[in-house]
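In what follows, a structure is listed as structure tokens, so that the remarks can point back to it.
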Amino acid sequence: MPEAASSGRVLVVDDVESVRYFLEQSLSHYAFEVIGASTGRGAIEAVSHPVDAVLLDLELPDISGLEVLDAIQLMAHPPPVIILTGAVDRDAPACLSRGAHDFMAKPPQLEELIARVGAAVRVKRLQDDLHSVNLQLTEQAMTDPLTNLANRRHGFSELERLVSASQRYERSLAVLIADLDRFKGVNDAHGHEVGDQCLSESARRLTHAVRASDLPVRWGGEEFVVLMPDASREHADEIAERIRSAVADPPFATTAGPLALTMSLGWAMLTDSETGHDLIARADAALYEAKRRGRNVVVADPA
């Protein structure tokens, strides 16, 4: 007897009931979870839910197995497809060129069936693990580790995208720059660990103050940027004031005790033919004016 294969969810597609029954029962006996489909359209519907492998007959009553294979390959993360055919030599080239994982001659031998399906399931799980790792790496590359906000690199990439979209579709875009006031004094008096606690709490308060459609970014040091697509001047000013108020009160709870901090903010609206660099420069100039006015204020660029 062959060794029991690892469990997995397998879709069996065959319009001949006796063949489908044999495949389903054989796989179930070896701890696979099996779902069946007798038509091509039924298979496409079934594979819209997670499966680890597909056993696919080429001869189906409504659409061909090749059409089903093509539909599966259009998925973002398609499961491996094992083709069942009575003419491997004839069908192999077309199926392989369209993304088939493996072939089995009909009728399949039990040991071969379990071995090939088990191998396909292992491939799918390795692909899923790799996809998960890649997603984590991508997220890490875009995220500031201290505050969990978007980092400057990702933020500027999104800024360029939003500028292009806003100008193309004539939609508004506001950019806000915020800076903690006299933050160097916190680090000097209490150390960088307490400073990091303040930065993390600032990011948390800022995130709660903006809209779900806005993107908060840690721009660098104690400086934050918020990208606000489709924001009117009234919205931008309201959001900026919410952030300023949220940071100013209550005091920050730190290991050095409660600390009172404030934030100065400047913001600007995108104008025609302006670049992301231009927009950031005008928001930064407004922030500089907020500092000049005594800090803990919001200043809007007049343009």
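By convention in this document, the chains of the structure tokens carry letters A, B, ... by their order, each chain's residues are numbered from 1, and ligands are numbered from 1 in the order they are shown.
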**Request:** Determine, counting only C-alpha atoms, which protein, DNA and RNA residues have an atom within 9 Å of an atom of A:Thr39; residues of the same chain fewer than 6 positions away are not included. Present the result as JSON, numbers by chain.
**Result:** {"A": [13, 14, 15, 60, 61, 62, 63]}
**Message:** With only C-alpha atoms as the counted atoms, please give the residues lying no more than 12 Å from A:Ser7, apart from itself and same-chain residues fewer than 5 positions off, as a PyMOL selection string.
**Reply:** chain A and resi 27-34+51-53+114+117-122+125
**Request:** For A:Ala246, work out the shell of residues within 8 Å, counting only C-alpha atoms and skipping chain neighbours fewer than 5 positions away, then give it as a PyMOL selection string.
**Result:** chain A and resi 205-206+209
**Request:** Considering only C-alpha atoms, return as a ChimeraX atom specification whatever protein or nucleic-acid residues lie within 7 Å of stretch 139-148 of chain A, sequence-local ones (same chain, fewer than 4 positions apart) excluded.
**Result:** /A:135,154,199-200,203,218
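Atom pair atom CA of A:Ser172 / atom CA of A:Ser245: separated by 24.7 Å.
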**Message:** Show me, as a ChimeraX atom specification, the residues that have an atom within 12 Å of A:Glu238 when counting only C-alpha atoms, minus same-chain residues fewer than 3 positions from it.
**Reply:** /A:174,176,209-211,228,231-235,241-245,265,267,298-300
Any chance you could tabulate, as CSV, the residues of stretch 158-269 of chain A at most 9 Å from stretch 149-152 of chain A with each one's nearest atom pair and distance in Å to one decimal, using only C-alpha atoms, in chain and rising number order?
```
residue,atom,partner,partner_atom,distance
A:Ala203,CA,A:Leu149,CA,7.3
A:Thr207,CA,A:Leu149,CA,8.6
A:Leu215,CA,A:Ala150,CA,7.6
A:Pro216,CA,A:Leu149,CA,6.3
A:Val217,CA,A:Ala150,CA,4.7
A:Arg218,CA,A:Asn151,CA,5.4
A:Trp219,CA,A:Arg152,CA,4.8
A:Gly220,CA,A:Arg152,CA,7.0
A:Val225,CA,A:Arg152,CA,8.7
```
Written selection (N, CA and C atoms) as a PDB file, in the first residue's frame:
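Dumped everything to part.pdb:
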```
ATOM      1  N   ALA A 203       2.231  58.962  16.122  1.00  0.00           N
ATOM      2  CA  ALA A 203       1.725  58.275  14.941  1.00  0.00           C
ATOM      3  C   ALA A 203       0.339  57.697  15.188  1.00  0.00           C
ATOM      4  N   THR A 207      -2.959  58.919  13.178  1.00  0.00           N
ATOM      5  CA  THR A 207      -3.715  57.959  12.387  1.00  0.00           C
ATOM      6  C   THR A 207      -5.195  58.002  12.734  1.00  0.00           C
ATOM      7  N   LEU A 215      -3.384  58.789   3.711  1.00  0.00           N
ATOM      8  CA  LEU A 215      -2.201  57.966   3.965  1.00  0.00           C
ATOM      9  C   LEU A 215      -1.242  58.718   4.870  1.00  0.00           C
ATOM     10  N   PRO A 216      -1.103  58.301   6.144  1.00  0.00           N
ATOM     11  CA  PRO A 216      -0.098  58.909   7.019  1.00  0.00           C
ATOM     12  C   PRO A 216       1.273  58.297   6.739  1.00  0.00           C
ATOM     13  N   VAL A 217       2.301  59.123   6.765  1.00  0.00           N
ATOM     14  CA  VAL A 217       3.661  58.692   6.437  1.00  0.00           C
ATOM     15  C   VAL A 217       4.618  59.235   7.487  1.00  0.00           C
ATOM     16  N   ARG A 218       5.535  58.396   7.934  1.00  0.00           N
ATOM     17  CA  ARG A 218       6.638  58.941   8.721  1.00  0.00           C
ATOM     18  C   ARG A 218       7.690  59.412   7.723  1.00  0.00           C
ATOM     19  N   TRP A 219       7.833  60.726   7.627  1.00  0.00           N
ATOM     20  CA  TRP A 219       8.701  61.321   6.607  1.00  0.00           C
ATOM     21  C   TRP A 219      10.165  61.255   7.012  1.00  0.00           C
ATOM     22  N   GLY A 220      10.396  61.282   8.328  1.00  0.00           N
ATOM     23  CA  GLY A 220      11.773  61.224   8.826  1.00  0.00           C
ATOM     24  C   GLY A 220      11.871  61.921  10.162  1.00  0.00           C
ATOM     25  N   VAL A 225       4.003  63.164   7.269  1.00  0.00           N
ATOM     26  CA  VAL A 225       3.274  63.671   6.115  1.00  0.00           C
ATOM     27  C   VAL A 225       1.952  62.923   6.037  1.00  0.00           C
TER      28      VAL A 225
END
```
